>>> print(open('protein08.txt').read())   # compact mmCIF, C-alpha atoms and all ligand atoms
# COMPACT_ATOMS: atom_id res chain seq x y z
CA MET A 1 -24.21 15.74 -3.65
CA SER A 2 -20.46 16.00 -3.97
CA SER A 3 -18.43 13.04 -5.14
CA PRO A 4 -16.96 10.82 -2.41
CA PHE A 5 -13.58 11.58 -4.04
CA SER A 6 -13.85 15.33 -4.30
CA GLY A 7 -11.91 15.91 -1.08
CA ALA A 8 -8.97 13.74 -2.16
CA THR A 9 -5.79 15.68 -2.84
CA GLU A 10 -2.16 14.62 -2.95
CA ARG A 11 -0.51 15.88 0.20
CA ILE A 12 2.27 13.41 0.78
CA PHE A 13 3.29 11.59 -2.39
CA SER A 14 4.38 13.17 -5.63
CA ASP A 15 5.30 9.81 -7.21
CA LYS A 16 4.42 6.87 -5.01
CA SER A 17 5.51 4.28 -7.59
CA VAL A 18 9.13 5.08 -6.69
CA LEU A 19 8.54 3.24 -3.41
CA SER A 20 6.83 0.21 -4.94
CA GLU A 21 8.29 -3.27 -5.13
CA SER A 22 8.33 -3.31 -8.92
CA TYR A 23 10.20 -0.01 -9.33
CA GLN A 24 13.62 -0.43 -10.95
CA PRO A 25 15.95 2.33 -9.70
CA GLU A 26 17.68 4.23 -12.50
CA THR A 27 20.82 4.49 -10.37
CA ILE A 28 22.28 1.93 -8.04
CA LEU A 29 23.83 3.46 -4.96
CA GLU A 30 26.44 2.10 -2.53
CA ARG A 31 27.29 -0.97 -4.60
CA ASP A 32 30.37 0.26 -6.47
CA GLU A 33 32.57 -2.73 -5.66
CA GLU A 34 29.93 -5.24 -6.66
CA ILE A 35 29.23 -3.33 -9.88
CA ASP A 36 32.93 -3.27 -10.60
CA ALA A 37 33.31 -7.03 -10.16
CA TYR A 38 30.16 -7.60 -12.18
CA SER A 39 31.27 -5.46 -15.10
CA HIS A 40 34.60 -7.20 -15.14
CA ALA A 41 32.92 -10.58 -15.36
CA LEU A 42 30.61 -9.45 -18.16
CA GLN A 43 33.27 -7.75 -20.27
CA ASP A 44 33.91 -10.76 -22.51
CA VAL A 45 30.51 -10.20 -24.06
CA LEU A 46 31.72 -6.89 -25.49
CA PHE A 47 34.52 -8.61 -27.33
CA GLY A 48 32.43 -11.41 -28.76
CA ARG A 49 33.83 -13.98 -26.36
CA GLU A 50 31.97 -16.56 -24.33
CA PRO A 51 30.81 -14.91 -21.08
CA GLU A 52 32.00 -15.99 -17.67
CA ASN A 53 29.52 -17.70 -15.42
CA ILE A 54 28.61 -15.60 -12.42
CA PHE A 55 27.15 -16.47 -9.07
CA LEU A 56 25.63 -13.86 -6.78
CA TYR A 57 24.70 -14.52 -3.21
CA GLY A 58 23.57 -12.59 -0.16
CA LYS A 59 20.46 -12.30 1.99
CA ALA A 60 17.15 -10.99 0.68
CA GLY A 61 16.79 -7.28 0.00
CA LEU A 62 20.45 -6.52 -0.60
CA GLY A 63 20.12 -5.45 -4.22
CA LYS A 64 21.08 -8.61 -6.10
CA THR A 65 18.16 -8.47 -8.52
CA ALA A 66 18.22 -4.69 -8.90
CA VAL A 67 21.96 -4.63 -9.60
CA THR A 68 21.61 -7.48 -12.12
CA THR A 69 18.81 -5.77 -14.02
CA TYR A 70 20.81 -2.56 -14.08
CA MET A 71 24.02 -4.29 -15.26
CA LEU A 72 22.27 -6.15 -18.05
CA GLU A 73 20.51 -3.03 -19.32
CA GLU A 74 23.82 -1.21 -19.38
CA LEU A 75 25.52 -4.16 -21.05
CA GLN A 76 22.85 -4.36 -23.71
CA SER A 77 23.23 -0.70 -24.65
CA GLU A 78 27.02 -0.98 -24.68
CA VAL A 79 26.85 -4.05 -26.92
CA LYS A 80 24.90 -2.04 -29.47
CA THR A 81 27.82 0.39 -29.83
CA ARG A 82 30.48 -2.29 -30.28
CA GLU A 83 31.40 -3.91 -33.57
CA GLU A 84 33.05 -6.98 -32.07
CA ALA A 85 30.14 -7.85 -29.82
CA ASP A 86 27.63 -10.46 -30.96
CA GLU A 87 23.95 -9.85 -30.70
CA LEU A 88 23.03 -10.20 -27.01
CA HIS A 89 19.97 -12.09 -25.80
CA ILE A 90 19.09 -11.85 -22.12
CA HIS A 91 16.79 -14.37 -20.45
CA GLU A 92 15.78 -13.64 -16.87
CA ILE A 93 13.76 -16.17 -14.94
CA ASN A 94 12.80 -16.42 -11.30
CA CYS A 95 13.02 -20.05 -10.19
CA ASN A 96 10.86 -19.65 -7.09
CA GLY A 97 7.98 -22.13 -7.31
CA ARG A 98 9.14 -23.63 -10.60
CA THR A 99 10.42 -27.09 -11.46
CA LEU A 100 13.37 -27.68 -13.76
CA PHE A 101 10.99 -28.67 -16.54
CA MET A 102 8.99 -25.45 -16.13
CA VAL A 103 12.17 -23.38 -16.24
CA VAL A 104 13.54 -25.00 -19.39
CA ARG A 105 10.13 -24.88 -21.02
CA ARG A 106 9.87 -21.16 -20.26
CA LEU A 107 13.26 -20.58 -21.87
CA VAL A 108 12.28 -22.57 -24.96
CA ASN A 109 9.07 -20.57 -25.33
CA ASP A 110 11.04 -17.32 -24.96
CA LEU A 111 13.35 -18.39 -27.76
CA PHE A 112 10.72 -19.73 -30.14
CA PRO A 113 9.74 -17.43 -32.99
CA ASP A 114 6.41 -15.67 -32.33
CA SER A 115 4.71 -17.83 -34.96
CA ALA A 116 5.66 -21.13 -33.27
CA SER A 117 3.23 -22.94 -31.00
CA LYS A 118 4.28 -23.31 -27.39
CA PHE A 119 6.34 -26.21 -26.10
CA PRO A 120 3.77 -28.71 -24.72
CA LYS A 121 3.14 -28.79 -20.99
CA ARG A 122 2.61 -32.54 -21.00
CA GLY A 123 3.88 -35.53 -22.93
CA LEU A 124 7.50 -34.48 -23.32
CA GLY A 125 10.21 -34.50 -20.67
CA THR A 126 12.97 -32.23 -19.44
CA GLY A 127 15.48 -33.88 -21.80
CA ASP A 128 13.25 -33.00 -24.77
CA ALA A 129 12.98 -29.44 -23.55
CA PHE A 130 16.77 -29.18 -23.34
CA ASP A 131 17.10 -30.54 -26.90
CA GLU A 132 14.65 -27.95 -28.17
CA LEU A 133 16.47 -25.23 -26.23
CA TYR A 134 19.76 -26.14 -27.90
CA GLN A 135 18.17 -26.10 -31.34
CA GLN A 136 16.70 -22.68 -30.75
CA LEU A 137 20.02 -21.35 -29.46
CA ASP A 138 21.76 -22.49 -32.64
CA ARG A 139 18.98 -21.11 -34.79
CA LEU A 140 19.39 -17.66 -33.22
CA GLY A 141 23.16 -17.64 -32.70
CA GLY A 142 24.69 -14.71 -30.80
CA THR A 143 25.38 -14.50 -27.09
CA HIS A 144 22.83 -15.68 -24.54
CA LEU A 145 22.92 -14.72 -20.90
CA PHE A 146 20.65 -16.76 -18.68
CA VAL A 147 19.76 -15.26 -15.32
CA PHE A 148 18.39 -17.75 -12.81
CA ASP A 149 17.13 -15.67 -9.91
CA GLU A 150 16.37 -17.33 -6.54
CA ILE A 151 17.93 -20.51 -7.92
CA ASP A 152 18.12 -21.99 -4.43
CA HIS A 153 14.38 -22.64 -4.82
CA LEU A 154 14.81 -24.87 -7.87
CA ASP A 155 14.26 -28.58 -7.29
CA ASP A 156 17.07 -29.75 -9.53
CA ALA A 157 19.56 -26.94 -9.84
CA ASN A 158 22.43 -29.39 -10.30
CA THR A 159 21.11 -30.67 -13.62
CA LEU A 160 20.44 -27.21 -14.97
CA LEU A 161 23.81 -25.88 -13.91
CA TYR A 162 25.59 -28.93 -15.20
CA GLU A 163 23.90 -28.99 -18.61
CA LEU A 164 23.76 -25.40 -19.76
CA PRO A 165 27.36 -24.29 -19.22
CA ARG A 166 28.54 -27.45 -21.03
CA ALA A 167 26.20 -27.20 -23.99
CA ARG A 168 29.02 -26.03 -26.27
CA SER A 169 31.77 -28.30 -25.04
CA ASN A 170 29.40 -31.26 -25.26
CA GLY A 171 28.57 -30.38 -28.84
CA HIS A 172 24.87 -29.64 -28.28
CA VAL A 173 25.30 -26.06 -29.44
CA THR A 174 27.78 -24.64 -31.96
CA ASP A 175 26.52 -21.27 -33.12
CA ALA A 176 25.60 -19.58 -29.84
CA GLN A 177 27.62 -18.56 -26.79
CA ILE A 178 26.15 -19.12 -23.36
CA GLY A 179 26.70 -17.49 -19.98
CA ILE A 180 24.93 -18.26 -16.73
CA ILE A 181 24.15 -15.90 -13.89
CA GLY A 182 22.88 -17.66 -10.76
CA ILE A 183 21.41 -15.67 -7.87
CA SER A 184 20.77 -17.11 -4.43
CA ASN A 185 19.46 -15.65 -1.18
CA ASN A 186 21.03 -18.50 0.63
CA TYR A 187 24.74 -19.13 0.76
CA THR A 188 24.40 -22.74 1.92
CA PHE A 189 22.89 -23.46 -1.50
CA ARG A 190 26.45 -23.50 -2.75
CA GLN A 191 27.20 -26.52 -0.57
CA SER A 192 24.30 -28.42 -2.09
CA LEU A 193 25.84 -28.30 -5.57
CA SER A 194 27.91 -31.13 -6.95
CA PRO A 195 31.65 -30.44 -7.15
CA LYS A 196 31.66 -30.32 -10.96
CA VAL A 197 28.89 -27.77 -11.00
CA LYS A 198 30.63 -25.65 -8.38
CA ASP A 199 33.76 -25.45 -10.49
CA THR A 200 32.00 -24.17 -13.59
CA LEU A 201 29.41 -21.93 -12.07
CA MET A 202 31.69 -20.23 -9.60
CA GLU A 203 34.04 -18.60 -12.08
CA THR A 204 33.05 -15.30 -10.57
CA GLU A 205 31.34 -15.06 -7.21
CA ILE A 206 29.99 -11.77 -6.00
CA SER A 207 28.79 -11.56 -2.45
CA PHE A 208 26.34 -8.89 -1.31
CA SER A 209 26.73 -7.87 2.31
CA PRO A 210 24.11 -6.14 4.48
CA TYR A 211 23.78 -2.37 4.13
CA ASP A 212 24.66 -0.26 7.14
CA ALA A 213 22.45 2.61 8.33
CA GLY A 214 24.39 5.22 6.34
CA GLU A 215 24.10 3.28 3.10
CA LEU A 216 20.39 2.69 3.62
CA GLN A 217 19.94 6.37 4.33
CA THR A 218 21.58 7.26 1.00
CA ILE A 219 19.28 4.85 -0.84
CA LEU A 220 16.20 6.17 0.96
CA ASP A 221 17.13 9.85 0.52
CA HIS A 222 17.37 9.34 -3.19
CA ARG A 223 13.96 7.66 -3.39
CA ALA A 224 12.33 10.12 -1.00
CA GLU A 225 13.35 13.03 -3.17
CA ARG A 226 11.20 11.73 -6.00
CA ALA A 227 8.50 10.02 -3.99
CA PHE A 228 7.42 12.88 -1.74
CA ILE A 229 6.14 16.39 -2.17
CA ASP A 230 8.74 18.83 -0.84
CA GLY A 231 8.77 18.88 2.94
CA ALA A 232 6.24 16.05 3.26
CA CYS A 233 8.73 13.70 4.91
CA ASP A 234 10.87 14.52 7.94
CA ILE A 235 14.59 13.90 7.50
CA SER A 236 14.58 12.13 10.84
CA ALA A 237 11.80 9.78 9.68
CA ILE A 238 14.03 8.67 6.81
CA ALA A 239 16.96 8.23 9.19
CA LYS A 240 14.74 6.18 11.45
CA ALA A 241 13.63 3.82 8.66
CA ALA A 242 17.28 3.38 7.69
CA ALA A 243 18.42 2.74 11.25
CA LEU A 244 15.67 0.21 12.01
CA SER A 245 16.41 -1.78 8.85
CA ALA A 246 20.15 -1.65 9.46
CA GLN A 247 19.58 -3.30 12.85
CA ASP A 248 17.50 -5.94 11.20
CA MET A 249 19.77 -7.47 8.51
CA GLY A 250 20.48 -4.31 6.50
CA ASN A 251 17.68 -5.04 4.09
CA ALA A 252 16.92 -2.26 1.57
CA ARG A 253 13.54 -3.72 0.68
CA GLN A 254 12.50 -3.48 4.30
CA ALA A 255 13.78 0.09 4.57
CA ILE A 256 11.74 1.14 1.54
CA ASP A 257 8.68 -0.72 2.85
CA LEU A 258 8.91 1.10 6.18
CA LEU A 259 9.05 4.44 4.44
CA ARG A 260 6.13 3.65 2.15
CA VAL A 261 3.92 2.18 4.88
CA GLY A 262 4.79 5.05 7.24
CA ALA A 263 3.81 7.56 4.56
CA GLU A 264 0.57 5.68 3.88
CA ILE A 265 -0.30 5.90 7.57
CA ALA A 266 0.36 9.65 7.55
CA GLU A 267 -1.76 10.04 4.43
CA ARG A 268 -4.66 8.03 5.80
CA THR A 269 -4.74 9.96 9.07
CA GLY A 270 -4.81 13.20 7.10
CA GLU A 271 -1.43 14.48 8.25
CA GLU A 272 0.85 16.58 6.10
CA VAL A 273 4.25 15.31 7.18
CA VAL A 274 5.65 11.82 7.66
CA THR A 275 7.32 11.66 11.08
CA ASP A 276 9.30 9.23 13.25
CA ASP A 277 6.07 8.07 14.88
CA HIS A 278 4.68 6.97 11.53
CA ILE A 279 7.79 4.90 10.91
CA ASP A 280 7.40 3.30 14.34
CA GLU A 281 3.83 2.41 13.52
CA ALA A 282 4.90 1.12 10.13
CA ARG A 283 7.40 -1.14 11.77
CA ILE A 284 4.71 -2.77 13.91
CA ARG A 285 2.50 -3.19 10.86
CA VAL A 286 5.28 -4.66 8.72
CA GLN A 287 6.31 -7.02 11.52
CA ARG A 288 2.73 -8.14 11.95
CA GLY A 289 2.43 -8.77 8.24
CA ARG A 290 5.56 -10.86 8.30
CA LEU A 291 4.42 -12.84 11.32
CA GLN A 292 1.08 -13.43 9.71
CA ASN A 293 2.78 -14.91 6.64
CA LYS A 294 4.96 -17.06 8.83
CA ILE A 295 1.99 -18.40 10.78
CA ARG A 296 0.02 -18.93 7.59
CA ASP A 297 2.86 -21.13 6.26
CA GLN A 298 2.41 -23.60 9.12
CA THR A 299 0.24 -26.68 8.82
CA GLU A 300 -3.24 -26.62 10.32
CA HIS A 301 -2.23 -28.58 13.43
CA ALA A 302 0.99 -26.67 13.98
CA GLN A 303 -1.20 -23.54 14.04
CA TYR A 304 -3.57 -25.08 16.61
CA ILE A 305 -0.61 -26.02 18.79
CA LEU A 306 0.83 -22.52 18.50
CA GLU A 307 -2.55 -21.06 19.41
CA THR A 308 -2.69 -23.41 22.41
CA VAL A 309 0.65 -22.20 23.73
CA ALA A 310 -0.48 -18.60 23.17
CA LYS A 311 -3.52 -19.30 25.36
CA PHE A 312 -1.33 -20.66 28.16
CA GLU A 313 0.86 -17.60 27.78
CA GLU A 314 -2.14 -15.30 28.06
CA GLN A 315 -3.18 -17.05 31.31
CA ARG A 316 0.42 -16.79 32.53
CA GLU A 317 0.57 -20.57 32.87
CA VAL A 318 3.92 -20.89 31.16
CA PRO A 319 6.35 -22.57 30.76
CA VAL A 320 4.22 -25.60 30.11
CA ARG A 321 4.91 -29.29 29.40
CA SER A 322 3.96 -31.02 26.19
CA LYS A 323 1.49 -33.33 27.96
CA THR A 324 -0.41 -30.33 29.31
CA ILE A 325 -0.26 -28.66 25.90
CA GLN A 326 -1.63 -31.79 24.27
CA LYS A 327 -4.79 -31.80 26.45
CA LYS A 328 -5.66 -28.21 25.71
CA TYR A 329 -4.69 -28.57 22.05
CA GLU A 330 -7.27 -31.33 21.70
CA GLN A 331 -9.95 -28.89 22.85
CA VAL A 332 -8.67 -26.21 20.46
CA ALA A 333 -8.70 -28.58 17.49
CA ASP A 334 -12.17 -29.83 18.50
CA ALA A 335 -13.45 -26.29 18.64
CA TYR A 336 -12.38 -25.80 15.03
CA GLY A 337 -14.11 -29.04 14.08
CA ALA A 338 -10.83 -30.83 13.33
CA SER A 339 -9.85 -34.22 14.69
CA PRO A 340 -6.73 -33.75 16.82
CA LEU A 341 -3.46 -35.60 16.28
CA THR A 342 -3.60 -38.61 18.56
CA THR A 343 -0.06 -39.23 19.81
CA LEU A 344 1.97 -37.17 22.24
CA LYS A 345 4.94 -37.73 19.94
CA SER A 346 3.30 -35.91 17.03
CA VAL A 347 2.46 -32.94 19.26
CA GLN A 348 6.08 -32.93 20.51
CA ASP A 349 7.37 -32.98 16.93
CA HIS A 350 5.31 -29.90 16.14
CA LEU A 351 6.51 -28.18 19.31
CA SER A 352 10.07 -28.92 18.36
CA ASP A 353 9.52 -27.47 14.86
CA LEU A 354 7.83 -24.38 16.29
CA HIS A 355 10.80 -23.93 18.58
CA MET A 356 13.23 -24.20 15.67
CA LEU A 357 11.26 -21.65 13.70
CA GLY A 358 11.54 -19.16 16.54
CA PHE A 359 7.90 -19.22 17.67
CA LEU A 360 8.63 -20.90 21.01
CA VAL A 361 11.26 -20.87 23.74
CA ARG A 362 12.17 -24.28 25.10
CA HIS A 363 13.48 -25.10 28.59
CA GLU A 364 15.15 -28.37 29.39
CA ARG A 365 14.20 -29.87 32.78
CA ASN A 366 15.73 -32.78 34.65
CA LYS A 367 13.75 -34.92 37.04
CA GLY A 368 16.51 -35.10 39.61
CA LEU A 369 17.86 -38.46 40.73
CA SER A 370 15.07 -40.45 39.17
CA GLY A 371 16.63 -39.49 35.87
CA GLY A 372 14.70 -38.57 32.79
CA GLN A 373 14.45 -35.24 31.16
CA TYR A 374 11.66 -33.25 29.58
CA TYR A 375 10.95 -29.92 27.96
CA GLU A 376 8.75 -27.01 28.86
CA TYR A 377 7.64 -24.41 26.37
CA GLU A 378 6.58 -20.81 26.25
CA LEU A 379 5.85 -18.35 23.49
CA ASP A 380 8.64 -16.20 22.10
CA LEU A 381 6.11 -13.65 20.80
CA ASP A 382 3.35 -11.44 22.05
CA PRO A 383 0.42 -13.85 22.62
CA THR A 384 -2.13 -11.20 21.61
CA ILE A 385 -0.60 -10.91 18.16
CA VAL A 386 -0.61 -14.67 17.71
CA LEU A 387 -4.23 -15.01 18.80
CA GLU A 388 -5.36 -12.08 16.67
CA THR A 389 -3.52 -13.41 13.65
CA ARG A 390 -5.03 -16.84 14.17
CA ALA A 391 -8.50 -15.37 14.38
CA GLU A 392 -7.90 -13.43 11.16
CA LEU A 393 -6.63 -16.52 9.38
CA GLU A 394 -9.66 -18.53 10.50
CA GLN A 395 -11.94 -15.85 9.13
CA MET A 396 -10.26 -16.06 5.76
CA THR A 397 -10.78 -19.79 5.39
N1 LIG A 401 22.01 -0.24 -3.99
C1 LIG A 401 20.74 0.06 -4.22
N2 LIG A 401 20.40 1.24 -4.78
C2 LIG A 401 19.09 1.51 -4.99
N3 LIG A 401 18.08 0.68 -4.70
C3 LIG A 401 18.38 -0.50 -4.12
C4 LIG A 401 19.72 -0.87 -3.88
N4 LIG A 401 19.73 -2.10 -3.32
C5 LIG A 401 18.47 -2.50 -3.22
N5 LIG A 401 17.63 -1.56 -3.70
C6 LIG A 401 16.17 -1.65 -3.73
O1 LIG A 401 15.78 -2.46 -2.63
C7 LIG A 401 14.80 -3.42 -2.99
C8 LIG A 401 15.34 -4.82 -2.81
O2 LIG A 401 16.40 -5.07 -3.73
P1 LIG A 401 16.50 -6.42 -4.58
O3 LIG A 401 17.45 -6.20 -5.69
O4 LIG A 401 15.14 -6.89 -4.96
O5 LIG A 401 17.13 -7.39 -3.47
P2 LIG A 401 17.51 -8.93 -3.60
O6 LIG A 401 17.34 -9.37 -5.03
O7 LIG A 401 18.92 -9.00 -3.10
O8 LIG A 401 16.55 -9.63 -2.66
C9 LIG A 401 14.43 -3.11 -4.44
O9 LIG A 401 13.31 -2.25 -4.43
C10 LIG A 401 15.66 -2.40 -4.97
O10 LIG A 401 15.29 -1.52 -6.01
MG MG A 402 16.00 -10.79 -5.76
>>> encode(input="protein08.txt", output="structure tokens")
Amino acid sequence: MSSPFSGATERIFSDKSVLSESYQPETILERDEEIDAYSHALQDVLFGREPENIFLYGKAGLGKTAVTTYMLEELQSEVKTREEADELHIHEINCNGRTLFMVVRRLVNDLFPDSASKFPKRGLGTGDAFDELYQQLDRLGGTHLFVFDEIDHLDDANTLLYELPRARSNGHVTDAQIGIIGISNNYTFRQSLSPKVKDTLMETEISFSPYDAGELQTILDHRAERAFIDGACDISAIAKAAALSAQDMGNARQAIDLLRVGAEIAERTGEEVVTDDHIDEARIRVQRGRLQNKIRDQTEHAQYILETVAKFEEQREVPVRSKTIQKKYEQVADAYGASPLTTLKSVQDHLSDLHMLGFLVRHERNKGLSGGQYYEYELDLDPTIVLETRAELEQMT
């Protein structure tokens, strides 16, 4: 009997890893201005001076992390050729899902000598972790660049961004120089910082704007050249992935995802060339995946209420009032063996949230002369997708 794998041959990909999330591009394309500003801000390091603090912002998928990794690698190799430059230590940490204590503790553990035991998880506080961090910085000396990626997710960014840049001027550290690089997907994060923190952190701000279709095409062409066997991907399929992502926030991550998923579909169906149709299919699949994550993030009862509205939508009984939704929602929750929320108000609160999140459309109605006003709701999505996703999520639990 032949092996179940004997028929498998590479027809599409020559190096699929080039399209993976973890791949760090060796060249950054279409970001010359940002790279210029960045290199200017980092120059002090080459001359043994204290680095400027840098703040990067722009929506997800615009190259903030990739450009930072690239810049710091280049800086590190340049530092090695320069007499005046101090030894450079780079500390990159993603703040998503971490508390301030976890972040500082991670930094301390990074700085500890290999022989040291780890900073304890319990028993000591954030202040103790900062003290230890300062001691380690002085022990090592040199220049330290701290990259705080997705810093808008940190619970207490103000404290971190107040403390670290002032460690020298406040006399906590004497032998090391410190520079901060903050990265945020969310520009409003800036408004949440205290005025003192804004002043220090924002010495250099670099904003990343959405890519247009041409820029995305350049980025994709470059990847496609290495990712695919010659001729295995239509030029128009690449253009399509670029154009679709340009329409939708100019996100390079999304463009690369579309190309990879499209190519996977072609591979699975045994075809030899990735075409426009595969990219179209990929788009539906990627959108579904995103919607599924978004639905999964909702609380149990918000999901039941969403499912209820989807059922009305399917029966073409929309738009529908919250009172009517409540009755049917009670049956839905019952069917899942959950006890339904009891007040109309709590159902209305969920409806209002679901509307804000873009799941529902809301219509305001007035009761004529008798006064009073109420809302009616309908789904802003394809009800089939919502119901299918809900069924899948239920199966997983
Ligand atoms: N200018 C670029 N040149 C090459 N690849 C890029 C560029 N911008 C983004 N990418 C790629 O797109 C994806 C998303 O970029 P990333 O830096 O993670 O975005 P952000 O940190 O802004 O969310 C990564 O795979 C990255 O390698
Ligand atoms: Mg990033």
>>> closest_atom_pairs(input="protein08.txt", of="chain A", to="ligand MG 402 (chain A)", cutoff="9 Å", atoms="all atoms listed in the file", output="JSON lines")
{"residue": "A:Ala60", "atom": "CA", "partner": "A:MG402", "partner_atom": "MG", "distance": 6.5}
{"residue": "A:Gly61", "atom": "CA", "partner": "A:MG402", "partner_atom": "MG", "distance": 6.8}
{"residue": "A:Leu62", "atom": "CA", "partner": "A:MG402", "partner_atom": "MG", "distance": 8.0}
{"residue": "A:Gly63", "atom": "CA", "partner": "A:MG402", "partner_atom": "MG", "distance": 6.9}
{"residue": "A:Lys64", "atom": "CA", "partner": "A:MG402", "partner_atom": "MG", "distance": 5.5}
{"residue": "A:Thr65", "atom": "CA", "partner": "A:MG402", "partner_atom": "MG", "distance": 4.2}
{"residue": "A:Ala66", "atom": "CA", "partner": "A:MG402", "partner_atom": "MG", "distance": 7.2}
{"residue": "A:Asn94", "atom": "CA", "partner": "A:MG402", "partner_atom": "MG", "distance": 8.5}
{"residue": "A:Asp149", "atom": "CA", "partner": "A:MG402", "partner_atom": "MG", "distance": 6.5}
{"residue": "A:Glu150", "atom": "CA", "partner": "A:MG402", "partner_atom": "MG", "distance": 6.6}
{"residue": "A:Ile183", "atom": "CA", "partner": "A:MG402", "partner_atom": "MG", "distance": 7.6}
{"residue": "A:Ser184", "atom": "CA", "partner": "A:MG402", "partner_atom": "MG", "distance": 8.0}
{"residue": "A:Asn185", "atom": "CA", "partner": "A:MG402", "partner_atom": "MG", "distance": 7.5}
>>> residues_near_ligand(input="protein08.txt", ligand="ligand LIG 401 (chain A)", cutoff="10 Å", atoms="only C-alpha atoms and all ligand atoms", output="PDB file with C-alpha atoms, keeping the file's coordinate frame")
ATOM      1  CA  VAL A  18       9.130   5.080  -6.690  1.00  0.00           C
ATOM      2  CA  LEU A  19       8.540   3.240  -3.410  1.00  0.00           C
ATOM      3  CA  SER A  20       6.830   0.210  -4.940  1.00  0.00           C
ATOM      4  CA  GLU A  21       8.290  -3.270  -5.130  1.00  0.00           C
ATOM      5  CA  SER A  22       8.330  -3.310  -8.920  1.00  0.00           C
ATOM      6  CA  TYR A  23      10.200  -0.010  -9.330  1.00  0.00           C
ATOM      7  CA  GLN A  24      13.620  -0.430 -10.950  1.00  0.00           C
ATOM      8  CA  PRO A  25      15.950   2.330  -9.700  1.00  0.00           C
ATOM      9  CA  GLU A  26      17.680   4.230 -12.500  1.00  0.00           C
ATOM     10  CA  THR A  27      20.820   4.490 -10.370  1.00  0.00           C
ATOM     11  CA  ILE A  28      22.280   1.930  -8.040  1.00  0.00           C
ATOM     12  CA  LEU A  29      23.830   3.460  -4.960  1.00  0.00           C
ATOM     13  CA  GLU A  30      26.440   2.100  -2.530  1.00  0.00           C
ATOM     14  CA  ARG A  31      27.290  -0.970  -4.600  1.00  0.00           C
ATOM     15  CA  ASP A  32      30.370   0.260  -6.470  1.00  0.00           C
ATOM     16  CA  GLU A  34      29.930  -5.240  -6.660  1.00  0.00           C
ATOM     17  CA  ILE A  35      29.230  -3.330  -9.880  1.00  0.00           C
ATOM     18  CA  LEU A  56      25.630 -13.860  -6.780  1.00  0.00           C
ATOM     19  CA  TYR A  57      24.700 -14.520  -3.210  1.00  0.00           C
ATOM     20  CA  GLY A  58      23.570 -12.590  -0.160  1.00  0.00           C
ATOM     21  CA  LYS A  59      20.460 -12.300   1.990  1.00  0.00           C
ATOM     22  CA  ALA A  60      17.150 -10.990   0.680  1.00  0.00           C
ATOM     23  CA  GLY A  61      16.790  -7.280   0.000  1.00  0.00           C
ATOM     24  CA  LEU A  62      20.450  -6.520  -0.600  1.00  0.00           C
ATOM     25  CA  GLY A  63      20.120  -5.450  -4.220  1.00  0.00           C
ATOM     26  CA  LYS A  64      21.080  -8.610  -6.100  1.00  0.00           C
ATOM     27  CA  THR A  65      18.160  -8.470  -8.520  1.00  0.00           C
ATOM     28  CA  ALA A  66      18.220  -4.690  -8.900  1.00  0.00           C
ATOM     29  CA  VAL A  67      21.960  -4.630  -9.600  1.00  0.00           C
ATOM     30  CA  THR A  68      21.610  -7.480 -12.120  1.00  0.00           C
ATOM     31  CA  THR A  69      18.810  -5.770 -14.020  1.00  0.00           C
ATOM     32  CA  TYR A  70      20.810  -2.560 -14.080  1.00  0.00           C
ATOM     33  CA  ASP A 149      17.130 -15.670  -9.910  1.00  0.00           C
ATOM     34  CA  GLU A 150      16.370 -17.330  -6.540  1.00  0.00           C
ATOM     35  CA  ILE A 183      21.410 -15.670  -7.870  1.00  0.00           C
ATOM     36  CA  SER A 184      20.770 -17.110  -4.430  1.00  0.00           C
ATOM     37  CA  ASN A 185      19.460 -15.650  -1.180  1.00  0.00           C
ATOM     38  CA  PHE A 208      26.340  -8.890  -1.310  1.00  0.00           C
ATOM     39  CA  SER A 209      26.730  -7.870   2.310  1.00  0.00           C
ATOM     40  CA  PRO A 210      24.110  -6.140   4.480  1.00  0.00           C
ATOM     41  CA  TYR A 211      23.780  -2.370   4.130  1.00  0.00           C
ATOM     42  CA  GLU A 215      24.100   3.280   3.100  1.00  0.00           C
ATOM     43  CA  LEU A 216      20.390   2.690   3.620  1.00  0.00           C
ATOM     44  CA  THR A 218      21.580   7.260   1.000  1.00  0.00           C
ATOM     45  CA  ILE A 219      19.280   4.850  -0.840  1.00  0.00           C
ATOM     46  CA  LEU A 220      16.200   6.170   0.960  1.00  0.00           C
ATOM     47  CA  HIS A 222      17.370   9.340  -3.190  1.00  0.00           C
ATOM     48  CA  ARG A 223      13.960   7.660  -3.390  1.00  0.00           C
ATOM     49  CA  ASN A 251      17.680  -5.040   4.090  1.00  0.00           C
ATOM     50  CA  ALA A 252      16.920  -2.260   1.570  1.00  0.00           C
ATOM     51  CA  ARG A 253      13.540  -3.720   0.680  1.00  0.00           C
ATOM     52  CA  GLN A 254      12.500  -3.480   4.300  1.00  0.00           C
ATOM     53  CA  ALA A 255      13.780   0.090   4.570  1.00  0.00           C
ATOM     54  CA  ILE A 256      11.740   1.140   1.540  1.00  0.00           C
ATOM     55  CA  ASP A 257       8.680  -0.720   2.850  1.00  0.00           C
TER      56      ASP A 257
END
>>> residues_around(input="protein08.txt", residues="Arg82 (chain A)", least_positions_apart="4", cutoff="9 Å", atoms="all atoms listed in the file", output="list in words")
Leu46, Phe47, Glu78 and Asp86 of chain A
>>> atom_distance(input="protein08.txt", atom1="CA of Leu381 (chain A)", atom2="CA of Leu259 (chain A)")
24.6 Å
>>> residues_near_point(input="protein08.txt", point="(27.7, -29.9, -16.1)", cutoff="10 Å", atoms="only C-alpha atoms", output="list in words")
Asn158, Thr159, Leu160, Leu161, Tyr162, Glu163, Leu164, Pro165, Arg166, Ala167, Ser169, Asn170, Ser194, Pro195, Lys196, Val197, Lys198, Asp199, Thr200 and Leu201 of chain A
